[in-house]
file work_35.cif (mmCIF, N, CA and C atoms)
data_input
#
loop_
_atom_site.group_PDB
_atom_site.id
_atom_site.type_symbol
_atom_site.label_atom_id
_atom_site.label_comp_id
_atom_site.auth_asym_id
_atom_site.auth_seq_id
_atom_site.Cartn_x
_atom_site.Cartn_y
_atom_site.Cartn_z
ATOM 1 N N MET A 25 6.454 -3.053 4.069
ATOM 2 C CA MET A 25 6.913 -2.795 2.725
ATOM 3 C C MET A 25 7.258 -1.316 2.632
ATOM 4 N N VAL A 26 8.414 -1.032 2.020
ATOM 5 C CA VAL A 26 8.866 0.341 1.818
ATOM 6 C C VAL A 26 9.106 0.547 0.329
ATOM 7 N N ILE A 27 8.560 1.643 -0.210
ATOM 8 C CA ILE A 27 8.699 1.969 -1.627
ATOM 9 C C ILE A 27 9.340 3.345 -1.759
ATOM 10 N N LYS A 28 10.272 3.465 -2.678
ATOM 11 C CA LYS A 28 10.809 4.762 -3.078
ATOM 12 C C LYS A 28 10.506 4.905 -4.562
ATOM 13 N N ASP A 29 9.763 5.960 -4.924
ATOM 14 C CA ASP A 29 9.409 6.126 -6.331
ATOM 15 C C ASP A 29 10.447 6.976 -7.061
ATOM 16 N N MET A 30 10.268 7.148 -8.347
ATOM 17 C CA MET A 30 11.239 7.881 -9.170
ATOM 18 C C MET A 30 11.314 9.363 -8.808
ATOM 19 N N ASP A 31 10.345 9.875 -8.041
ATOM 20 C CA ASP A 31 10.381 11.256 -7.550
ATOM 21 C C ASP A 31 10.963 11.323 -6.144
ATOM 22 N N ASN A 32 11.579 10.216 -5.697
ATOM 23 C CA ASN A 32 12.206 10.111 -4.376
ATOM 24 C C ASN A 32 11.219 10.237 -3.216
ATOM 25 N N GLN A 33 9.953 9.955 -3.465
ATOM 26 C CA GLN A 33 8.956 9.893 -2.406
ATOM 27 C C GLN A 33 9.072 8.518 -1.736
ATOM 28 N N ILE A 34 8.959 8.479 -0.412
ATOM 29 C CA ILE A 34 9.047 7.219 0.325
ATOM 30 C C ILE A 34 7.714 6.981 1.028
ATOM 31 N N PHE A 35 7.180 5.777 0.846
ATOM 32 C CA PHE A 35 5.885 5.418 1.399
ATOM 33 C C PHE A 35 5.762 3.904 1.408
ATOM 34 N N GLY A 36 4.678 3.397 1.979
ATOM 35 C CA GLY A 36 4.513 1.957 1.994
ATOM 36 C C GLY A 36 3.354 1.494 2.839
ATOM 37 N N ALA A 37 3.476 0.236 3.272
ATOM 38 C CA ALA A 37 2.392 -0.394 4.004
ATOM 39 C C ALA A 37 2.941 -1.409 4.988
ATOM 40 N N PHE A 38 2.152 -1.640 6.038
ATOM 41 C CA PHE A 38 2.408 -2.733 6.970
ATOM 42 C C PHE A 38 1.223 -3.675 6.869
ATOM 43 N N SER A 39 1.516 -4.950 6.663
ATOM 44 C CA SER A 39 0.474 -5.965 6.599
ATOM 45 C C SER A 39 0.670 -6.954 7.735
ATOM 46 N N THR A 40 -0.419 -7.330 8.358
ATOM 47 C CA THR A 40 -0.341 -8.294 9.449
ATOM 48 C C THR A 40 -0.135 -9.718 8.934
ATOM 49 N N HIS A 41 -0.316 -9.923 7.631
ATOM 50 C CA HIS A 41 -0.169 -11.245 7.026
ATOM 51 C C HIS A 41 0.807 -11.163 5.851
ATOM 52 N N PRO A 42 1.520 -12.255 5.562
ATOM 53 C CA PRO A 42 2.407 -12.268 4.386
ATOM 54 C C PRO A 42 1.610 -12.028 3.105
ATOM 55 N N PHE A 43 2.221 -11.357 2.141
ATOM 56 C CA PHE A 43 1.557 -11.143 0.852
ATOM 57 C C PHE A 43 1.441 -12.479 0.129
ATOM 58 N N ARG A 44 0.259 -12.711 -0.459
ATOM 59 C CA ARG A 44 0.026 -13.966 -1.158
ATOM 60 C C ARG A 44 -1.095 -13.775 -2.182
ATOM 61 N N VAL A 45 -1.220 -14.708 -3.099
ATOM 62 C CA VAL A 45 -2.329 -14.728 -4.047
ATOM 63 C C VAL A 45 -3.576 -15.126 -3.275
ATOM 64 N N SER A 46 -4.659 -14.392 -3.498
ATOM 65 C CA SER A 46 -5.890 -14.646 -2.749
ATOM 66 C C SER A 46 -7.111 -14.279 -3.577
ATOM 67 N N GLU A 47 -8.191 -15.010 -3.347
ATOM 68 C CA GLU A 47 -9.456 -14.693 -4.024
ATOM 69 C C GLU A 47 -10.179 -13.542 -3.342
ATOM 70 N N HIS A 48 -9.929 -13.379 -2.045
ATOM 71 C CA HIS A 48 -10.608 -12.358 -1.262
ATOM 72 C C HIS A 48 -9.577 -11.544 -0.477
ATOM 73 N N CYS A 49 -10.002 -10.411 0.023
ATOM 74 C CA CYS A 49 -9.129 -9.586 0.856
ATOM 75 C C CYS A 49 -8.837 -10.301 2.169
ATOM 76 N N TYR A 50 -7.658 -10.065 2.693
ATOM 77 C CA TYR A 50 -7.267 -10.663 3.962
ATOM 78 C C TYR A 50 -6.518 -9.624 4.787
ATOM 79 N N GLY A 51 -6.268 -9.932 6.048
ATOM 80 C CA GLY A 51 -5.561 -9.023 6.942
ATOM 81 C C GLY A 51 -6.437 -8.654 8.124
ATOM 82 N N THR A 52 -5.914 -7.740 8.936
ATOM 83 C CA THR A 52 -6.641 -7.286 10.118
ATOM 84 C C THR A 52 -6.579 -5.764 10.198
ATOM 85 N N GLY A 53 -7.256 -5.220 11.184
ATOM 86 C CA GLY A 53 -7.266 -3.782 11.413
ATOM 87 C C GLY A 53 -5.936 -3.212 11.857
ATOM 88 N N GLU A 54 -4.943 -4.065 12.066
ATOM 89 C CA GLU A 54 -3.597 -3.579 12.389
ATOM 90 C C GLU A 54 -2.812 -3.204 11.131
ATOM 91 N N THR A 55 -3.342 -3.534 9.951
ATOM 92 C CA THR A 55 -2.722 -3.151 8.677
ATOM 93 C C THR A 55 -2.816 -1.637 8.545
ATOM 94 N N PHE A 56 -1.783 -1.011 7.972
ATOM 95 C CA PHE A 56 -1.829 0.437 7.753
ATOM 96 C C PHE A 56 -0.971 0.853 6.573
ATOM 97 N N LEU A 57 -1.229 2.053 6.071
ATOM 98 C CA LEU A 57 -0.422 2.706 5.039
ATOM 99 C C LEU A 57 0.341 3.840 5.697
ATOM 100 N N TYR A 58 1.452 4.247 5.083
ATOM 101 C CA TYR A 58 2.209 5.381 5.616
ATOM 102 C C TYR A 58 2.951 6.097 4.493
ATOM 103 N N SER A 59 3.356 7.327 4.769
ATOM 104 C CA SER A 59 4.178 8.098 3.832
ATOM 105 C C SER A 59 5.090 9.030 4.622
ATOM 106 N N PHE A 60 6.139 9.466 3.967
ATOM 107 C CA PHE A 60 7.043 10.489 4.505
ATOM 108 C C PHE A 60 6.945 11.688 3.573
ATOM 109 N N CYS A 61 6.165 12.699 3.927
ATOM 110 C CA CYS A 61 5.947 13.847 3.028
ATOM 111 C C CYS A 61 5.846 15.164 3.781
ATOM 112 N N PRO A 62 6.817 15.786 4.325
ATOM 113 C CA PRO A 62 8.189 15.305 4.553
ATOM 114 C C PRO A 62 8.310 14.537 5.859
ATOM 115 N N GLU A 63 7.312 14.646 6.765
ATOM 116 C CA GLU A 63 7.389 13.853 7.996
ATOM 117 C C GLU A 63 6.473 12.641 7.844
ATOM 118 N N ILE A 64 6.633 11.680 8.745
ATOM 119 C CA ILE A 64 5.850 10.445 8.633
ATOM 120 C C ILE A 64 4.376 10.708 8.928
ATOM 121 N N LYS A 65 3.538 10.110 8.095
ATOM 122 C CA LYS A 65 2.088 10.126 8.289
ATOM 123 C C LYS A 65 1.628 8.681 8.224
ATOM 124 N N VAL A 66 0.897 8.249 9.235
ATOM 125 C CA VAL A 66 0.397 6.882 9.298
ATOM 126 C C VAL A 66 -1.117 6.915 9.133
ATOM 127 N N TYR A 67 -1.611 6.056 8.235
ATOM 128 C CA TYR A 67 -3.048 5.987 7.963
ATOM 129 C C TYR A 67 -3.554 4.631 8.456
ATOM 130 N N ARG A 68 -4.277 4.658 9.555
ATOM 131 C CA ARG A 68 -4.779 3.433 10.186
ATOM 132 C C ARG A 68 -6.190 3.100 9.692
ATOM 133 N N TRP A 69 -6.602 1.901 9.981
ATOM 134 C CA TRP A 69 -7.909 1.398 9.577
ATOM 135 C C TRP A 69 -9.030 2.270 10.119
ATOM 136 N N THR A 70 -9.968 2.616 9.262
ATOM 137 C CA THR A 70 -11.108 3.441 9.657
ATOM 138 C C THR A 70 -12.257 2.611 10.216
ATOM 139 N N GLY A 71 -12.276 1.308 9.944
ATOM 140 C CA GLY A 71 -13.389 0.451 10.334
ATOM 141 C C GLY A 71 -14.502 0.427 9.303
ATOM 142 N N GLU A 72 -14.359 1.207 8.228
ATOM 143 C CA GLU A 72 -15.427 1.301 7.227
ATOM 144 C C GLU A 72 -15.561 0.030 6.383
ATOM 145 N N ASN A 73 -14.462 -0.650 6.086
ATOM 146 C CA ASN A 73 -14.503 -1.913 5.347
ATOM 147 C C ASN A 73 -13.279 -2.740 5.731
ATOM 148 N N SER A 74 -13.180 -3.919 5.172
ATOM 149 C CA SER A 74 -12.057 -4.813 5.488
ATOM 150 C C SER A 74 -11.240 -5.140 4.247
ATOM 151 N N TYR A 75 -11.065 -4.169 3.360
ATOM 152 C CA TYR A 75 -10.286 -4.373 2.131
ATOM 153 C C TYR A 75 -8.808 -4.127 2.425
ATOM 154 N N PHE A 76 -8.237 -4.949 3.284
ATOM 155 C CA PHE A 76 -6.863 -4.728 3.724
ATOM 156 C C PHE A 76 -5.851 -5.050 2.625
ATOM 157 N N VAL A 77 -5.754 -6.313 2.246
ATOM 158 C CA VAL A 77 -4.761 -6.742 1.257
ATOM 159 C C VAL A 77 -5.402 -7.766 0.327
ATOM 160 N N LYS A 78 -5.080 -7.665 -0.965
ATOM 161 C CA LYS A 78 -5.504 -8.672 -1.934
ATOM 162 C C LYS A 78 -4.401 -8.821 -2.957
ATOM 163 N N GLY A 79 -3.984 -10.039 -3.180
ATOM 164 C CA GLY A 79 -2.944 -10.302 -4.163
ATOM 165 C C GLY A 79 -3.427 -11.250 -5.236
ATOM 166 N N ASN A 80 -2.973 -11.032 -6.449
ATOM 167 C CA ASN A 80 -3.197 -11.994 -7.521
ATOM 168 C C ASN A 80 -1.952 -12.021 -8.395
ATOM 169 N N THR A 81 -1.969 -12.764 -9.477
ATOM 170 C CA THR A 81 -0.768 -12.885 -10.302
ATOM 171 C C THR A 81 -0.461 -11.619 -11.091
ATOM 172 N N ASP A 82 -1.407 -10.682 -11.141
ATOM 173 C CA ASP A 82 -1.216 -9.440 -11.892
ATOM 174 C C ASP A 82 -0.894 -8.235 -11.025
ATOM 175 N N SER A 83 -1.224 -8.295 -9.720
ATOM 176 C CA SER A 83 -1.059 -7.091 -8.908
ATOM 177 C C SER A 83 -1.185 -7.396 -7.415
ATOM 178 N N LEU A 84 -0.840 -6.379 -6.634
ATOM 179 C CA LEU A 84 -1.029 -6.394 -5.186
ATOM 180 C C LEU A 84 -1.750 -5.113 -4.826
ATOM 181 N N GLN A 85 -2.834 -5.212 -4.077
ATOM 182 C CA GLN A 85 -3.560 -4.009 -3.670
ATOM 183 C C GLN A 85 -3.716 -3.973 -2.165
ATOM 184 N N ILE A 86 -3.617 -2.765 -1.611
ATOM 185 C CA ILE A 86 -3.763 -2.562 -0.175
ATOM 186 C C ILE A 86 -4.728 -1.404 0.034
ATOM 187 N N GLY A 87 -5.826 -1.692 0.698
ATOM 188 C CA GLY A 87 -6.852 -0.675 0.923
ATOM 189 C C GLY A 87 -7.742 -0.501 -0.283
ATOM 190 N N GLY A 88 -8.981 -0.139 -0.049
ATOM 191 C CA GLY A 88 -9.899 0.059 -1.160
ATOM 192 C C GLY A 88 -11.206 0.655 -0.699
ATOM 193 N N GLY A 89 -12.133 0.681 -1.638
ATOM 194 C CA GLY A 89 -13.466 1.209 -1.381
ATOM 195 C C GLY A 89 -13.817 2.316 -2.343
ATOM 196 N N GLY A 90 -15.035 2.281 -2.836
ATOM 197 C CA GLY A 90 -15.490 3.315 -3.760
ATOM 198 C C GLY A 90 -14.760 3.303 -5.085
ATOM 199 N N GLY A 91 -14.225 2.148 -5.470
ATOM 200 C CA GLY A 91 -13.508 2.046 -6.742
ATOM 201 C C GLY A 91 -12.096 2.599 -6.705
ATOM 202 N N ARG A 92 -11.610 2.952 -5.525
ATOM 203 C CA ARG A 92 -10.254 3.495 -5.407
ATOM 204 C C ARG A 92 -9.424 2.615 -4.486
ATOM 205 N N LEU A 93 -8.127 2.541 -4.769
ATOM 206 C CA LEU A 93 -7.212 1.714 -3.996
ATOM 207 C C LEU A 93 -6.182 2.591 -3.302
ATOM 208 N N GLY A 94 -5.916 2.286 -2.032
ATOM 209 C CA GLY A 94 -4.909 3.044 -1.294
ATOM 210 C C GLY A 94 -3.538 2.889 -1.922
ATOM 211 N N LEU A 95 -3.179 1.652 -2.254
ATOM 212 C CA LEU A 95 -1.896 1.362 -2.892
ATOM 213 C C LEU A 95 -2.080 0.156 -3.792
ATOM 214 N N TRP A 96 -1.665 0.273 -5.049
ATOM 215 C CA TRP A 96 -1.754 -0.811 -6.021
ATOM 216 C C TRP A 96 -0.407 -0.923 -6.714
ATOM 217 N N LEU A 97 0.128 -2.140 -6.800
ATOM 218 C CA LEU A 97 1.395 -2.405 -7.482
ATOM 219 C C LEU A 97 1.170 -3.453 -8.555
ATOM 220 N N ASP A 98 1.790 -3.249 -9.733
ATOM 221 C CA ASP A 98 1.634 -4.246 -10.788
ATOM 222 C C ASP A 98 2.556 -5.438 -10.528
ATOM 223 N N ALA A 99 2.376 -6.485 -11.295
ATOM 224 C CA ALA A 99 3.072 -7.751 -11.062
ATOM 225 C C ALA A 99 4.591 -7.640 -11.173
ATOM 226 N N ASP A 100 5.083 -6.729 -12.014
ATOM 227 C CA ASP A 100 6.545 -6.610 -12.147
ATOM 228 C C ASP A 100 7.154 -5.694 -11.083
ATOM 229 N N LEU A 101 6.301 -5.145 -10.209
ATOM 230 C CA LEU A 101 6.734 -4.259 -9.117
ATOM 231 C C LEU A 101 7.508 -3.045 -9.628
ATOM 232 N N TYR A 102 7.116 -2.559 -10.807
ATOM 233 C CA TYR A 102 7.747 -1.379 -11.372
ATOM 234 C C TYR A 102 6.790 -0.185 -11.415
ATOM 235 N N HIS A 103 5.504 -0.434 -11.539
ATOM 236 C CA HIS A 103 4.510 0.636 -11.603
ATOM 237 C C HIS A 103 3.494 0.474 -10.487
ATOM 238 N N GLY A 104 2.950 1.600 -10.051
ATOM 239 C CA GLY A 104 1.929 1.573 -9.022
ATOM 240 C C GLY A 104 1.004 2.763 -9.136
ATOM 241 N N THR A 105 -0.010 2.728 -8.319
ATOM 242 C CA THR A 105 -0.958 3.835 -8.238
ATOM 243 C C THR A 105 -1.381 3.990 -6.777
ATOM 244 N N THR A 106 -1.745 5.192 -6.401
ATOM 245 C CA THR A 106 -2.207 5.457 -5.047
ATOM 246 C C THR A 106 -3.316 6.499 -5.086
ATOM 247 N N SER A 107 -4.315 6.289 -4.262
ATOM 248 C CA SER A 107 -5.397 7.267 -4.143
ATOM 249 C C SER A 107 -6.030 7.126 -2.758
ATOM 250 N N LYS A 108 -6.847 8.094 -2.424
ATOM 251 C CA LYS A 108 -7.556 8.045 -1.153
ATOM 252 C C LYS A 108 -8.514 6.860 -1.180
ATOM 253 N N CYS A 109 -8.550 6.098 -0.096
ATOM 254 C CA CYS A 109 -9.478 4.968 -0.027
ATOM 255 C C CYS A 109 -10.177 4.974 1.328
ATOM 256 N N SER A 110 -11.351 4.355 1.370
ATOM 257 C CA SER A 110 -12.128 4.377 2.606
ATOM 258 C C SER A 110 -11.580 3.434 3.674
ATOM 259 N N THR A 111 -10.772 2.438 3.306
ATOM 260 C CA THR A 111 -10.196 1.543 4.311
ATOM 261 C C THR A 111 -9.326 2.314 5.294
ATOM 262 N N PHE A 112 -8.527 3.267 4.773
ATOM 263 C CA PHE A 112 -7.573 3.999 5.611
ATOM 264 C C PHE A 112 -7.783 5.519 5.623
ATOM 265 N N ASN A 113 -8.705 6.032 4.808
ATOM 266 C CA ASN A 113 -8.931 7.474 4.689
ATOM 267 C C ASN A 113 -7.604 8.222 4.519
ATOM 268 N N ASN A 114 -6.757 7.669 3.673
ATOM 269 C CA ASN A 114 -5.421 8.207 3.442
ATOM 270 C C ASN A 114 -5.410 9.266 2.356
ATOM 271 N N LEU A 115 -4.421 10.122 2.411
ATOM 272 C CA LEU A 115 -4.091 10.968 1.275
ATOM 273 C C LEU A 115 -3.305 10.099 0.302
ATOM 274 N N PRO A 116 -3.213 10.459 -0.988
ATOM 275 C CA PRO A 116 -2.338 9.708 -1.890
ATOM 276 C C PRO A 116 -0.929 9.654 -1.287
ATOM 277 N N LEU A 117 -0.299 8.497 -1.376
ATOM 278 C CA LEU A 117 0.980 8.286 -0.711
ATOM 279 C C LEU A 117 2.149 8.906 -1.454
ATOM 280 N N SER A 118 2.032 9.065 -2.765
ATOM 281 C CA SER A 118 3.082 9.641 -3.606
ATOM 282 C C SER A 118 2.629 11.010 -4.111
ATOM 283 N N SER A 119 3.561 11.792 -4.635
ATOM 284 C CA SER A 119 3.196 13.100 -5.185
ATOM 285 C C SER A 119 2.411 12.962 -6.487
ATOM 286 N N LYS A 120 2.488 11.798 -7.134
ATOM 287 C CA LYS A 120 1.728 11.517 -8.357
ATOM 288 C C LYS A 120 0.863 10.292 -8.119
ATOM 289 N N GLN A 121 -0.367 10.310 -8.649
ATOM 290 C CA GLN A 121 -1.253 9.155 -8.472
ATOM 291 C C GLN A 121 -0.635 7.908 -9.095
ATOM 292 N N ASP A 122 -0.134 8.015 -10.312
ATOM 293 C CA ASP A 122 0.540 6.908 -10.984
ATOM 294 C C ASP A 122 2.038 7.147 -10.867
ATOM 295 N N PHE A 123 2.762 6.157 -10.378
ATOM 296 C CA PHE A 123 4.187 6.342 -10.135
ATOM 297 C C PHE A 123 4.987 5.142 -10.621
ATOM 298 N N ALA A 124 6.277 5.364 -10.828
ATOM 299 C CA ALA A 124 7.223 4.297 -11.167
ATOM 300 C C ALA A 124 8.079 4.037 -9.932
ATOM 301 N N ILE A 125 8.350 2.782 -9.677
ATOM 302 C CA ILE A 125 9.093 2.384 -8.485
ATOM 303 C C ILE A 125 10.592 2.366 -8.767
ATOM 304 N N GLN A 126 11.341 3.063 -7.917
ATOM 305 C CA GLN A 126 12.805 3.053 -7.997
ATOM 306 C C GLN A 126 13.361 1.916 -7.137
ATOM 307 N N ASN A 127 12.879 1.799 -5.905
ATOM 308 C CA ASN A 127 13.302 0.751 -4.969
ATOM 309 C C ASN A 127 12.088 0.251 -4.205
ATOM 310 N N LEU A 128 12.140 -1.025 -3.860
ATOM 311 C CA LEU A 128 11.076 -1.617 -3.057
ATOM 312 C C LEU A 128 11.717 -2.647 -2.117
ATOM 313 N N GLU A 129 11.359 -2.576 -0.843
ATOM 314 C CA GLU A 129 11.849 -3.538 0.142
ATOM 315 C C GLU A 129 10.662 -4.107 0.902
ATOM 316 N N VAL A 130 10.744 -5.399 1.180
ATOM 317 C CA VAL A 130 9.730 -6.060 1.991
ATOM 318 C C VAL A 130 10.451 -6.818 3.093
ATOM 319 N N TRP A 131 10.031 -6.594 4.327
ATOM 320 C CA TRP A 131 10.589 -7.292 5.481
ATOM 321 C C TRP A 131 9.497 -8.139 6.104
ATOM 322 N N ALA A 132 9.876 -9.298 6.586
ATOM 323 C CA ALA A 132 8.934 -10.177 7.267
ATOM 324 C C ALA A 132 9.426 -10.454 8.680
ATOM 325 N N PHE A 133 8.503 -10.505 9.613
ATOM 326 C CA PHE A 133 8.820 -10.811 11.003
ATOM 327 C C PHE A 133 8.099 -12.079 11.409
ATOM 328 N N GLU A 134 8.777 -12.919 12.140
ATOM 329 C CA GLU A 134 8.156 -14.154 12.611
ATOM 330 C C GLU A 134 7.838 -14.066 14.084
#
call {"tool": "encode", "arguments": {"input": "work_35.cif", "output": "structure tokens"}}
result
Amino acid sequence: MVIKDMDNQIFGAFSTHPFRVSEHCYGTGETFLYSFCPEIKVYRWTGENSYFVKGNTDSLQIGGGGGRLGLWLDADLYHGTTSKCSTFNNLPLSSKQDFAIQNLEVWAFE
């Protein structure tokens, strides 16, 4: 998944599993977050928890721990939030914690 926010920041996530509605987190340690600020930074699994991906009808979240989410998108895919999380020990992916999405792309590989 690739996101470009209204501040022209580019960031996103790779998930080992297709995004879906789920009661529990799913995915593997191959899931990661990344950003281009200004060069690419990849945030891989720390092994601290398994909060890789969780989807519901209201949002999609990637990474978590300690009440913070690495990447959270609302159901309309227009607003999101990013913060440091223990799953990936990432820096916030955007220049602002709360951001508006300008473009979003999702690619799937079989």
call {"tool": "resolve_selection", "arguments": {"input": "work_35.cif", "expression": "the PyMOL selection byres ((chain A and resi 41-54) around 8)", "output": "list in words"}}
result
Phe38, Ser39, Thr40, Thr55, Phe56, Leu57, Arg68, Trp69, Thr70, Gly71, Ser74, Tyr75, Phe76, Val77, Lys78, Gly79, Asn80, Thr81, Leu84 and Ala132 of chain A
call {"tool": "write_last_selection", "arguments": {"input": "work_35.cif", "atoms": "N, CA and C atoms", "output": "compact mmCIF listing (two decimals), in the coordinates of the input"}}
result
# COMPACT_ATOMS: atom_id res chain seq x y z
N PHE A 38 2.15 -1.64 6.04
CA PHE A 38 2.41 -2.73 6.97
C PHE A 38 1.22 -3.68 6.87
N SER A 39 1.52 -4.95 6.66
CA SER A 39 0.47 -5.96 6.60
C SER A 39 0.67 -6.95 7.74
N THR A 40 -0.42 -7.33 8.36
CA THR A 40 -0.34 -8.29 9.45
C THR A 40 -0.14 -9.72 8.93
N THR A 55 -3.34 -3.53 9.95
CA THR A 55 -2.72 -3.15 8.68
C THR A 55 -2.82 -1.64 8.54
N PHE A 56 -1.78 -1.01 7.97
CA PHE A 56 -1.83 0.44 7.75
C PHE A 56 -0.97 0.85 6.57
N LEU A 57 -1.23 2.05 6.07
CA LEU A 57 -0.42 2.71 5.04
C LEU A 57 0.34 3.84 5.70
N ARG A 68 -4.28 4.66 9.56
CA ARG A 68 -4.78 3.43 10.19
C ARG A 68 -6.19 3.10 9.69
N TRP A 69 -6.60 1.90 9.98
CA TRP A 69 -7.91 1.40 9.58
C TRP A 69 -9.03 2.27 10.12
N THR A 70 -9.97 2.62 9.26
CA THR A 70 -11.11 3.44 9.66
C THR A 70 -12.26 2.61 10.22
N GLY A 71 -12.28 1.31 9.94
CA GLY A 71 -13.39 0.45 10.33
C GLY A 71 -14.50 0.43 9.30
N SER A 74 -13.18 -3.92 5.17
CA SER A 74 -12.06 -4.81 5.49
C SER A 74 -11.24 -5.14 4.25
N TYR A 75 -11.06 -4.17 3.36
CA TYR A 75 -10.29 -4.37 2.13
C TYR A 75 -8.81 -4.13 2.42
N PHE A 76 -8.24 -4.95 3.28
CA PHE A 76 -6.86 -4.73 3.72
C PHE A 76 -5.85 -5.05 2.62
N VAL A 77 -5.75 -6.31 2.25
CA VAL A 77 -4.76 -6.74 1.26
C VAL A 77 -5.40 -7.77 0.33
N LYS A 78 -5.08 -7.66 -0.96
CA LYS A 78 -5.50 -8.67 -1.93
C LYS A 78 -4.40 -8.82 -2.96
N GLY A 79 -3.98 -10.04 -3.18
CA GLY A 79 -2.94 -10.30 -4.16
C GLY A 79 -3.43 -11.25 -5.24
N ASN A 80 -2.97 -11.03 -6.45
CA ASN A 80 -3.20 -11.99 -7.52
C ASN A 80 -1.95 -12.02 -8.40
N THR A 81 -1.97 -12.76 -9.48
CA THR A 81 -0.77 -12.88 -10.30
C THR A 81 -0.46 -11.62 -11.09
N LEU A 84 -0.84 -6.38 -6.63
CA LEU A 84 -1.03 -6.39 -5.19
C LEU A 84 -1.75 -5.11 -4.83
N ALA A 132 9.88 -9.30 6.59
CA ALA A 132 8.93 -10.18 7.27
C ALA A 132 9.43 -10.45 8.68
call {"tool": "resolve_selection", "arguments": {"input": "work_35.cif", "expression": "the PyMOL selection byres ((chain A and resi 124) around 5)", "output": "ChimeraX atom specification"}}
result
/A:29-30,102-103,122-123,125-126
call {"tool": "resolve_selection", "arguments": {"input": "work_35.cif", "expression": "the PyMOL selection byres ((chain A and resi 98) around 8)", "output": "list in words"}}
result
Thr81, Asp82, Ser83, Leu84, Gln85, Leu95, Trp96, Leu97, Ala99, Asp100, Leu101, Tyr102, His103, Gly104 and Thr105 of chain A
call {"tool": "atom_distance", "arguments": {"input": "work_35.cif", "atom1": "atom C of Thr106 (chain A)", "atom2": "atom C of Phe133 (chain A)"}}
result
27.3 Å
call {"tool": "atom_distance", "arguments": {"input": "work_35.cif", "atom1": "atom C of Phe35 (chain A)", "atom2": "CA of Phe60 (chain A)"}}
result
7.4 Å
call {"tool": "select_by_dssp", "arguments": {"input": "work_35.cif", "residues": "region 30-85 of chain A", "states": "strand (DSSP E or B)", "output": "mmCIF file with N, CA and C atoms, in the coordinates of the input"}}
result
data_model
loop_
_atom_site.group_PDB
_atom_site.id
_atom_site.type_symbol
_atom_site.label_atom_id
_atom_site.label_comp_id
_atom_site.auth_asym_id
_atom_site.auth_seq_id
_atom_site.Cartn_x
_atom_site.Cartn_y
_atom_site.Cartn_z
ATOM 1 N N ILE A 34 8.959 8.479 -0.412
ATOM 2 C CA ILE A 34 9.047 7.219 0.325
ATOM 3 C C ILE A 34 7.714 6.981 1.028
ATOM 4 N N PHE A 35 7.180 5.777 0.846
ATOM 5 C CA PHE A 35 5.885 5.418 1.399
ATOM 6 C C PHE A 35 5.762 3.904 1.408
ATOM 7 N N GLY A 36 4.678 3.397 1.979
ATOM 8 C CA GLY A 36 4.513 1.957 1.994
ATOM 9 C C GLY A 36 3.354 1.494 2.839
ATOM 10 N N ALA A 37 3.476 0.236 3.272
ATOM 11 C CA ALA A 37 2.392 -0.394 4.004
ATOM 12 C C ALA A 37 2.941 -1.409 4.988
ATOM 13 N N PHE A 38 2.152 -1.640 6.038
ATOM 14 C CA PHE A 38 2.408 -2.733 6.970
ATOM 15 C C PHE A 38 1.223 -3.675 6.869
ATOM 16 N N TYR A 50 -7.658 -10.065 2.693
ATOM 17 C CA TYR A 50 -7.267 -10.663 3.962
ATOM 18 C C TYR A 50 -6.518 -9.624 4.787
ATOM 19 N N PHE A 56 -1.783 -1.011 7.972
ATOM 20 C CA PHE A 56 -1.829 0.437 7.753
ATOM 21 C C PHE A 56 -0.971 0.853 6.573
ATOM 22 N N LEU A 57 -1.229 2.053 6.071
ATOM 23 C CA LEU A 57 -0.422 2.706 5.039
ATOM 24 C C LEU A 57 0.341 3.840 5.697
ATOM 25 N N TYR A 58 1.452 4.247 5.083
ATOM 26 C CA TYR A 58 2.209 5.381 5.616
ATOM 27 C C TYR A 58 2.951 6.097 4.493
ATOM 28 N N SER A 59 3.356 7.327 4.769
ATOM 29 C CA SER A 59 4.178 8.098 3.832
ATOM 30 C C SER A 59 5.090 9.030 4.622
ATOM 31 N N PHE A 60 6.139 9.466 3.967
ATOM 32 C CA PHE A 60 7.043 10.489 4.505
ATOM 33 C C PHE A 60 6.945 11.688 3.573
ATOM 34 N N ILE A 64 6.633 11.680 8.745
ATOM 35 C CA ILE A 64 5.850 10.445 8.633
ATOM 36 C C ILE A 64 4.376 10.708 8.928
ATOM 37 N N LYS A 65 3.538 10.110 8.095
ATOM 38 C CA LYS A 65 2.088 10.126 8.289
ATOM 39 C C LYS A 65 1.628 8.681 8.224
ATOM 40 N N VAL A 66 0.897 8.249 9.235
ATOM 41 C CA VAL A 66 0.397 6.882 9.298
ATOM 42 C C VAL A 66 -1.117 6.915 9.133
ATOM 43 N N TYR A 67 -1.611 6.056 8.235
ATOM 44 C CA TYR A 67 -3.048 5.987 7.963
ATOM 45 C C TYR A 67 -3.554 4.631 8.456
ATOM 46 N N ARG A 68 -4.277 4.658 9.555
ATOM 47 C CA ARG A 68 -4.779 3.433 10.186
ATOM 48 C C ARG A 68 -6.190 3.100 9.692
ATOM 49 N N VAL A 77 -5.754 -6.313 2.246
ATOM 50 C CA VAL A 77 -4.761 -6.742 1.257
ATOM 51 C C VAL A 77 -5.402 -7.766 0.327
ATOM 52 N N LYS A 78 -5.080 -7.665 -0.965
ATOM 53 C CA LYS A 78 -5.504 -8.672 -1.934
ATOM 54 C C LYS A 78 -4.401 -8.821 -2.957
ATOM 55 N N GLY A 79 -3.984 -10.039 -3.180
ATOM 56 C CA GLY A 79 -2.944 -10.302 -4.163
ATOM 57 C C GLY A 79 -3.427 -11.250 -5.236
ATOM 58 N N SER A 83 -1.224 -8.295 -9.720
ATOM 59 C CA SER A 83 -1.059 -7.091 -8.908
ATOM 60 C C SER A 83 -1.185 -7.396 -7.415
ATOM 61 N N LEU A 84 -0.840 -6.379 -6.634
ATOM 62 C CA LEU A 84 -1.029 -6.394 -5.186
ATOM 63 C C LEU A 84 -1.750 -5.113 -4.826
ATOM 64 N N GLN A 85 -2.834 -5.212 -4.077
ATOM 65 C CA GLN A 85 -3.560 -4.009 -3.670
ATOM 66 C C GLN A 85 -3.716 -3.973 -2.165
#
call {"tool": "atom_distance", "arguments": {"input": "work_35.cif", "atom1": "CA of Val66 (chain A)", "atom2": "CA of Ile27 (chain A)"}}
result
14.6 Å
